[in-house]
$ cat start09.cif   # mmCIF, C-alpha atoms
data_model
#
loop_
_atom_site.label_atom_id
_atom_site.label_comp_id
_atom_site.auth_asym_id
_atom_site.auth_seq_id
_atom_site.Cartn_x
_atom_site.Cartn_y
_atom_site.Cartn_z
CA MET M 1 -44.20 -60.74 39.66
CA THR M 2 -43.76 -57.08 38.74
CA GLY M 3 -40.91 -56.16 41.07
CA ILE M 4 -43.00 -53.25 42.40
CA ASP M 5 -43.59 -53.44 46.14
CA THR M 6 -47.30 -52.65 46.48
CA PRO M 7 -50.33 -54.40 48.00
CA SER M 8 -52.28 -53.47 44.88
CA LEU M 9 -52.97 -55.79 41.94
CA LEU M 10 -51.52 -53.99 38.89
CA ILE M 11 -53.48 -54.01 35.64
CA GLY M 12 -52.07 -52.54 32.43
CA LEU M 13 -54.83 -50.89 30.39
CA THR M 14 -54.16 -50.18 26.74
CA GLY M 15 -55.78 -49.90 23.33
CA GLY M 16 -55.22 -48.19 20.03
CA ILE M 17 -56.02 -44.55 19.26
CA GLY M 18 -59.77 -43.95 19.35
CA SER M 19 -60.51 -47.14 21.28
CA GLY M 20 -62.10 -45.33 24.24
CA LYS M 21 -59.49 -45.91 26.95
CA SER M 22 -60.38 -42.68 28.80
CA THR M 23 -64.06 -43.65 29.05
CA VAL M 24 -63.18 -47.09 30.38
CA VAL M 25 -60.71 -45.68 32.94
CA ALA M 26 -63.34 -43.20 34.17
CA ARG M 27 -65.82 -46.04 34.78
CA PHE M 28 -63.25 -48.09 36.70
CA HIS M 29 -62.38 -45.00 38.75
CA GLU M 30 -66.04 -44.52 39.64
CA LEU M 31 -65.99 -48.07 41.04
CA GLY M 32 -63.05 -47.15 43.30
CA ALA M 33 -60.00 -48.16 41.27
CA SER M 34 -56.97 -45.87 41.25
CA TYR M 35 -54.93 -45.36 38.11
CA VAL M 36 -51.60 -44.04 36.86
CA ASP M 37 -51.79 -42.44 33.41
CA ALA M 38 -48.56 -42.53 31.38
CA ASP M 39 -49.57 -39.42 29.41
CA ILE M 40 -50.12 -37.42 32.61
CA VAL M 41 -46.81 -38.63 34.06
CA ALA M 42 -45.06 -37.60 30.83
CA ARG M 43 -46.31 -34.04 31.36
CA GLU M 44 -45.44 -34.06 35.08
CA VAL M 45 -41.76 -34.93 34.51
CA VAL M 46 -41.27 -31.79 32.36
CA ALA M 47 -43.27 -29.39 34.56
CA PRO M 48 -41.59 -26.11 35.62
CA GLY M 49 -38.93 -26.71 38.25
CA THR M 50 -38.15 -30.29 37.19
CA ALA M 51 -34.68 -31.55 36.34
CA CYS M 52 -35.93 -32.80 32.97
CA LEU M 53 -37.21 -29.37 31.91
CA ALA M 54 -33.92 -27.76 32.99
CA ALA M 55 -31.99 -30.32 30.92
CA ILE M 56 -34.17 -29.66 27.85
CA VAL M 57 -33.61 -25.90 28.11
CA ALA M 58 -29.86 -26.42 28.59
CA GLN M 59 -29.78 -28.63 25.49
CA PHE M 60 -32.06 -26.73 23.14
CA GLY M 61 -32.31 -23.19 24.51
CA HIS M 62 -34.90 -20.90 26.12
CA ASP M 63 -36.89 -20.74 22.86
CA PHE M 64 -38.40 -24.04 23.96
CA LEU M 65 -40.04 -22.42 26.99
CA GLN M 66 -43.36 -20.60 26.89
CA GLN M 67 -43.79 -17.24 28.65
CA ASP M 68 -45.40 -18.98 31.65
CA GLY M 69 -42.36 -21.25 32.06
CA GLN M 70 -44.05 -24.33 30.64
CA LEU M 71 -42.40 -26.46 27.99
CA ASN M 72 -43.22 -25.38 24.44
CA ARG M 73 -44.35 -28.81 23.25
CA ALA M 74 -45.16 -27.73 19.71
CA ALA M 75 -41.67 -26.31 19.18
CA LEU M 76 -40.04 -29.40 20.69
CA ARG M 77 -42.14 -31.75 18.54
CA GLN M 78 -41.10 -29.81 15.45
CA ARG M 79 -37.42 -29.98 16.47
CA ILE M 80 -37.32 -33.73 17.08
CA PHE M 81 -39.36 -34.38 13.92
CA GLN M 82 -36.58 -32.76 11.91
CA ASP M 83 -33.60 -34.01 13.95
CA ALA M 84 -33.15 -37.73 14.67
CA ALA M 85 -30.26 -37.10 17.08
CA ALA M 86 -32.38 -34.62 19.09
CA LYS M 87 -35.19 -37.18 19.24
CA GLN M 88 -32.79 -39.84 20.50
CA TRP M 89 -31.37 -37.49 23.15
CA LEU M 90 -34.85 -36.53 24.35
CA GLU M 91 -36.04 -40.13 24.60
CA ALA M 92 -32.91 -41.09 26.55
CA LEU M 93 -33.72 -38.28 29.02
CA LEU M 94 -37.47 -38.73 29.35
CA HIS M 95 -38.17 -42.47 29.08
CA PRO M 96 -36.26 -43.45 32.26
CA ALA M 97 -37.73 -40.47 34.16
CA ILE M 98 -41.28 -41.35 33.12
CA ARG M 99 -40.77 -45.01 33.98
CA GLN M 100 -39.32 -44.17 37.41
CA ALA M 101 -42.22 -41.79 38.19
CA MET M 102 -44.81 -44.37 37.10
CA ILE M 103 -43.21 -47.06 39.29
CA ALA M 104 -43.22 -44.69 42.28
CA GLN M 105 -46.90 -43.87 41.78
CA LEU M 106 -47.87 -47.53 41.34
CA ALA M 107 -45.92 -48.49 44.46
CA ALA M 108 -47.77 -45.83 46.48
CA SER M 109 -51.22 -47.13 45.51
CA GLN M 110 -53.33 -48.57 48.33
CA THR M 111 -56.48 -49.58 46.42
CA PRO M 112 -57.14 -53.31 45.85
CA TYR M 113 -56.16 -52.92 42.19
CA THR M 114 -54.55 -50.14 40.18
CA LEU M 115 -54.64 -49.44 36.46
CA LEU M 116 -51.53 -48.39 34.54
CA VAL M 117 -53.00 -46.59 31.54
CA ALA M 118 -50.65 -46.36 28.57
CA PRO M 119 -51.35 -46.22 24.82
CA LEU M 120 -47.92 -47.81 24.20
CA LEU M 121 -48.00 -50.21 27.15
CA LEU M 122 -47.03 -53.19 24.99
CA GLU M 123 -44.83 -51.36 22.50
CA ASN M 124 -42.65 -49.91 25.31
CA GLY M 125 -42.55 -53.09 27.40
CA LEU M 126 -44.49 -51.51 30.27
CA ASN M 127 -46.55 -54.69 30.55
CA LYS M 128 -43.56 -56.05 32.51
CA LEU M 129 -44.62 -53.72 35.36
CA VAL M 130 -48.10 -55.24 35.72
CA GLN M 131 -49.69 -58.61 36.50
CA ARG M 132 -52.44 -58.48 33.87
CA VAL M 133 -53.03 -56.71 30.55
CA LEU M 134 -56.48 -55.33 29.73
CA VAL M 135 -57.08 -54.32 26.12
CA VAL M 136 -59.91 -51.99 25.08
CA ASP M 137 -60.73 -53.43 21.66
CA VAL M 138 -62.40 -51.86 18.63
CA THR M 139 -62.18 -52.53 14.92
CA THR M 140 -59.69 -50.49 12.90
CA GLU M 141 -62.64 -48.85 11.08
CA THR M 142 -64.13 -47.73 14.40
CA GLN M 143 -60.71 -46.45 15.55
CA LEU M 144 -60.39 -44.32 12.44
CA GLN M 145 -63.92 -42.88 12.65
CA ARG M 146 -63.77 -42.06 16.37
CA ALA M 147 -60.26 -40.61 16.30
CA MET M 148 -61.07 -38.37 13.32
CA LEU M 149 -64.24 -37.16 15.02
CA ARG M 150 -62.51 -36.52 18.37
CA ASP M 151 -59.27 -34.91 17.21
CA SER M 152 -60.31 -33.32 13.90
CA ASN M 153 -57.33 -35.03 12.29
CA SER M 154 -57.19 -36.36 8.75
CA ALA M 155 -57.45 -40.05 7.95
CA ALA M 156 -53.78 -39.94 6.88
CA GLN M 157 -52.71 -38.55 10.28
CA ILE M 158 -54.71 -41.16 12.20
CA ASN M 159 -53.42 -43.96 9.99
CA ALA M 160 -49.83 -42.82 10.64
CA ILE M 161 -50.44 -43.01 14.41
CA MET M 162 -52.07 -46.44 14.05
CA LEU M 163 -49.08 -47.73 12.08
CA ALA M 164 -46.76 -46.66 14.92
CA GLN M 165 -48.81 -48.73 17.38
CA PHE M 166 -49.23 -52.50 17.61
CA SER M 167 -51.91 -53.92 15.36
CA ARG M 168 -55.24 -55.03 16.79
CA GLU M 169 -54.14 -58.66 16.41
CA GLN M 170 -50.86 -58.06 18.25
CA ARG M 171 -52.65 -56.39 21.18
CA LEU M 172 -55.26 -59.13 21.47
CA ALA M 173 -52.57 -61.82 21.41
CA LEU M 174 -50.98 -60.27 24.52
CA ALA M 175 -54.23 -59.53 26.39
CA ASP M 176 -55.32 -61.28 29.58
CA ASP M 177 -58.66 -59.47 29.51
CA VAL M 178 -60.54 -57.69 26.72
CA ILE M 179 -63.28 -55.05 26.75
CA ASP M 180 -65.28 -54.83 23.51
CA ASN M 181 -65.99 -51.14 22.85
CA ASN M 182 -67.43 -51.45 19.37
CA GLY M 183 -70.98 -50.81 20.58
CA GLN M 184 -72.74 -48.14 22.62
CA PRO M 185 -71.30 -46.59 25.83
CA SER M 186 -73.97 -48.45 27.82
CA ASP M 187 -72.50 -51.75 26.58
CA LEU M 188 -69.32 -51.00 28.55
CA LEU M 189 -70.83 -50.98 32.02
CA PRO M 190 -71.61 -54.70 32.41
CA GLN M 191 -68.16 -55.64 31.08
CA ILE M 192 -66.39 -53.23 33.44
CA GLN M 193 -68.48 -54.34 36.43
CA GLN M 194 -67.61 -57.97 35.72
CA LEU M 195 -63.89 -57.20 35.46
CA HIS M 196 -64.04 -55.01 38.58
CA GLU M 197 -65.38 -57.96 40.58
CA LYS M 198 -62.80 -60.28 39.04
CA TYR M 199 -59.94 -57.92 39.92
CA LEU M 200 -61.18 -57.52 43.50
CA GLU M 201 -61.21 -61.31 43.83
CA LEU M 202 -57.71 -61.64 42.35
CA SER M 203 -56.39 -58.88 44.62
CA GLN M 204 -57.69 -60.74 47.67
CA LYS M 205 -55.75 -63.83 46.60
CA ILE M 206 -52.55 -61.78 46.20
CA ARG M 207 -52.96 -60.15 49.63
CA HIS M 208 -53.46 -63.50 51.33
CA LYS M 209 -50.51 -65.25 49.72
#
$ encode --input "start09.cif" --output "structure tokens"
Amino acid sequence: MTGIDTPSLLIGLTGGIGSGKSTVVARFHELGASYVDADIVAREVVAPGTACLAAIVAQFGHDFLQQDGQLNRAALRQRIFQDAAAKQWLEALLHPAIRQAMIAQLAASQTPYTLLVAPLLLENGLNKLVQRVLVVDVTTETQLQRAMLRDSNSAAQINAIMLAQFSREQRLALADDVIDNNGQPSDLLPQIQQLHEKYLELSQKIRHK
């Protein structure tokens, strides 16, 4: 049980940097699944007019706002990189707000199953909010190649991000379902279709309990 009151089966979707989570989510969405994306929620909670943005400005000053009123993310990243106490304060503000917003969005879902998409699903314990964990799996070599190609980052930068995430082995050990994304994009479709049908079947069982 997740403790979230929703008729929807909740699936946590995760994978390391460069694993192709966005592509997989798009395919599920085309099949009719709804999703809540932790990265999008993280931006929503600091949008202009939110209590979180007001608290950040009160704590750090108006220099952390852009001219259009949006949060200056680059300046904030630089600040918390240099200041451990500032990082701790920011996490204490944002993590509960993001979690609360995600729970509200999951609870509002009416589709047979809903994906909670989060790169740090397992690291941050968000798997406790869902009934199943789906891991998009690729080799570490593939992760590195794809992430460098996509983000124009150096191998050192990508490796640093990978070290901050669970290892491939740790993710697979906690997975209920796995999508192998080491091949071509066309290889994804049969795997996603099979899981889609499985999740529809599982959601029917939940609804009729």
$ closest_residue --input "start09.cif" --among "M:Val133, M:Ala147, M:Ala107, M:Ala155" --to "Ile11 (chain M)" --atoms "all atoms listed in the file"
M:Val133
$ residues_around --input "start09.cif" --residues "region 33-45 of chain M" --least-positions-apart "3" --cutoff "7 Å" --atoms "all atoms listed in the file" --output "list in words"
Phe28, His29, Thr50, Cys52, Ala97, Ile98, Ala101, Met102, Gln105, Leu106, Thr111, Tyr113, Thr114, Leu115, Leu116, Val117 and Ala118 of chain M
$ closest_residue --input "start09.cif" --among "M:Pro96, M:Pro48, M:Gly3, M:Pro112" --to "Glu197 (chain M)" --atoms "all atoms listed in the file"
M:Pro112
$ closest_residue --input "start09.cif" --among "M:Leu174, M:Thr6, M:Thr23, M:His196" --to "Lys128 (chain M)" --atoms "only C-alpha atoms"
M:Leu174
$ residues_around --input "start09.cif" --residues "Asn72 (chain M)" --least-positions-apart "3" --cutoff "12 Å" --atoms "all atoms listed in the file" --output "PyMOL selection string"
chain M and resi 43+46-48+53+56-57+60-69+75-79
$ closest_residue --input "start09.cif" --among "M:Ile161, M:Ala104, M:Ala74, M:Leu126" --to "Met148 (chain M)" --atoms "all atoms listed in the file"
M:Ile161
$ closest_residue --input "start09.cif" --among "M:Leu188, M:Gln59, M:Leu200, M:Gln170" --to "Leu10 (chain M)" --atoms "only C-alpha atoms"
M:Leu200
$ atom_distance --input "start09.cif" --atom1 "CA of His95 (chain M)" --atom2 "CA of Arg73 (chain M)"
16.1 Å
$ closest_residue --input "start09.cif" --among "M:Glu30, M:Leu149, M:Met162, M:Leu9" --to "Gln193 (chain M)" --atoms "only C-alpha atoms"
M:Glu30
$ build_atoms --input "start09.cif" --residues "region 170-199 of chain M" --atoms "N, CA and C atoms" --output "short mmCIF file (atom, residue, chain, number, x, y, z; two decimals), in the coordinates of the input"
data_model
loop_
_atom_site.label_atom_id
_atom_site.label_comp_id
_atom_site.auth_asym_id
_atom_site.auth_seq_id
_atom_site.Cartn_x
_atom_site.Cartn_y
_atom_site.Cartn_z
N GLN M 170 -51.99 -57.98 17.32
CA GLN M 170 -50.86 -58.06 18.25
C GLN M 170 -51.30 -57.76 19.68
N ARG M 171 -52.16 -56.74 19.83
CA ARG M 171 -52.65 -56.39 21.18
C ARG M 171 -53.47 -57.53 21.77
N LEU M 172 -54.38 -58.07 20.97
CA LEU M 172 -55.26 -59.13 21.47
C LEU M 172 -54.47 -60.38 21.84
N ALA M 173 -53.40 -60.64 21.12
CA ALA M 173 -52.57 -61.82 21.41
C ALA M 173 -51.89 -61.71 22.77
N LEU M 174 -51.67 -60.49 23.25
CA LEU M 174 -50.98 -60.27 24.52
C LEU M 174 -51.93 -59.94 25.67
N ALA M 175 -53.24 -59.93 25.39
CA ALA M 175 -54.23 -59.53 26.39
C ALA M 175 -54.59 -60.68 27.33
N ASP M 176 -54.73 -60.35 28.61
CA ASP M 176 -55.32 -61.28 29.58
C ASP M 176 -56.83 -61.08 29.65
N ASP M 177 -57.24 -59.83 29.48
CA ASP M 177 -58.66 -59.47 29.51
C ASP M 177 -58.94 -58.50 28.37
N VAL M 178 -60.17 -58.54 27.86
CA VAL M 178 -60.54 -57.69 26.72
C VAL M 178 -61.90 -57.05 27.00
N ILE M 179 -62.00 -55.75 26.73
CA ILE M 179 -63.28 -55.05 26.75
C ILE M 179 -63.63 -54.70 25.31
N ASP M 180 -64.81 -55.12 24.86
CA ASP M 180 -65.28 -54.83 23.51
C ASP M 180 -65.99 -53.48 23.54
N ASN M 181 -65.41 -52.49 22.87
CA ASN M 181 -65.99 -51.14 22.85
C ASN M 181 -66.46 -50.75 21.46
N ASN M 182 -66.91 -51.74 20.71
CA ASN M 182 -67.43 -51.45 19.37
C ASN M 182 -68.87 -50.95 19.39
N GLY M 183 -69.56 -51.16 20.51
CA GLY M 183 -70.98 -50.81 20.58
C GLY M 183 -71.24 -49.45 21.20
N GLN M 184 -72.33 -49.38 21.95
CA GLN M 184 -72.74 -48.14 22.62
C GLN M 184 -72.04 -48.01 23.98
N PRO M 185 -71.92 -46.77 24.50
CA PRO M 185 -71.30 -46.59 25.83
C PRO M 185 -71.94 -47.45 26.91
N SER M 186 -73.26 -47.65 26.81
CA SER M 186 -73.97 -48.45 27.82
C SER M 186 -73.52 -49.91 27.81
N ASP M 187 -72.98 -50.37 26.67
CA ASP M 187 -72.50 -51.75 26.58
C ASP M 187 -71.24 -51.98 27.42
N LEU M 188 -70.57 -50.88 27.78
CA LEU M 188 -69.32 -51.00 28.55
C LEU M 188 -69.55 -51.39 29.99
N LEU M 189 -70.62 -50.87 30.58
CA LEU M 189 -70.83 -50.98 32.02
C LEU M 189 -70.86 -52.42 32.54
N PRO M 190 -71.61 -53.33 31.91
CA PRO M 190 -71.61 -54.70 32.41
C PRO M 190 -70.24 -55.37 32.31
N GLN M 191 -69.50 -55.06 31.26
CA GLN M 191 -68.16 -55.64 31.08
C GLN M 191 -67.20 -55.14 32.16
N ILE M 192 -67.28 -53.83 32.44
CA ILE M 192 -66.39 -53.23 33.44
C ILE M 192 -66.75 -53.73 34.84
N GLN M 193 -68.04 -53.84 35.12
CA GLN M 193 -68.48 -54.34 36.43
C GLN M 193 -67.98 -55.77 36.65
N GLN M 194 -68.06 -56.58 35.62
CA GLN M 194 -67.61 -57.97 35.72
C GLN M 194 -66.11 -58.04 35.98
N LEU M 195 -65.35 -57.22 35.26
CA LEU M 195 -63.89 -57.20 35.46
C LEU M 195 -63.53 -56.61 36.83
N HIS M 196 -64.27 -55.61 37.25
CA HIS M 196 -64.04 -55.01 38.58
C HIS M 196 -64.14 -56.09 39.66
N GLU M 197 -65.18 -56.89 39.59
CA GLU M 197 -65.38 -57.96 40.58
C GLU M 197 -64.27 -59.01 40.47
N LYS M 198 -63.89 -59.31 39.26
CA LYS M 198 -62.80 -60.28 39.04
C LYS M 198 -61.48 -59.77 39.64
N TYR M 199 -61.19 -58.49 39.41
CA TYR M 199 -59.94 -57.92 39.92
C TYR M 199 -59.93 -57.83 41.45
#
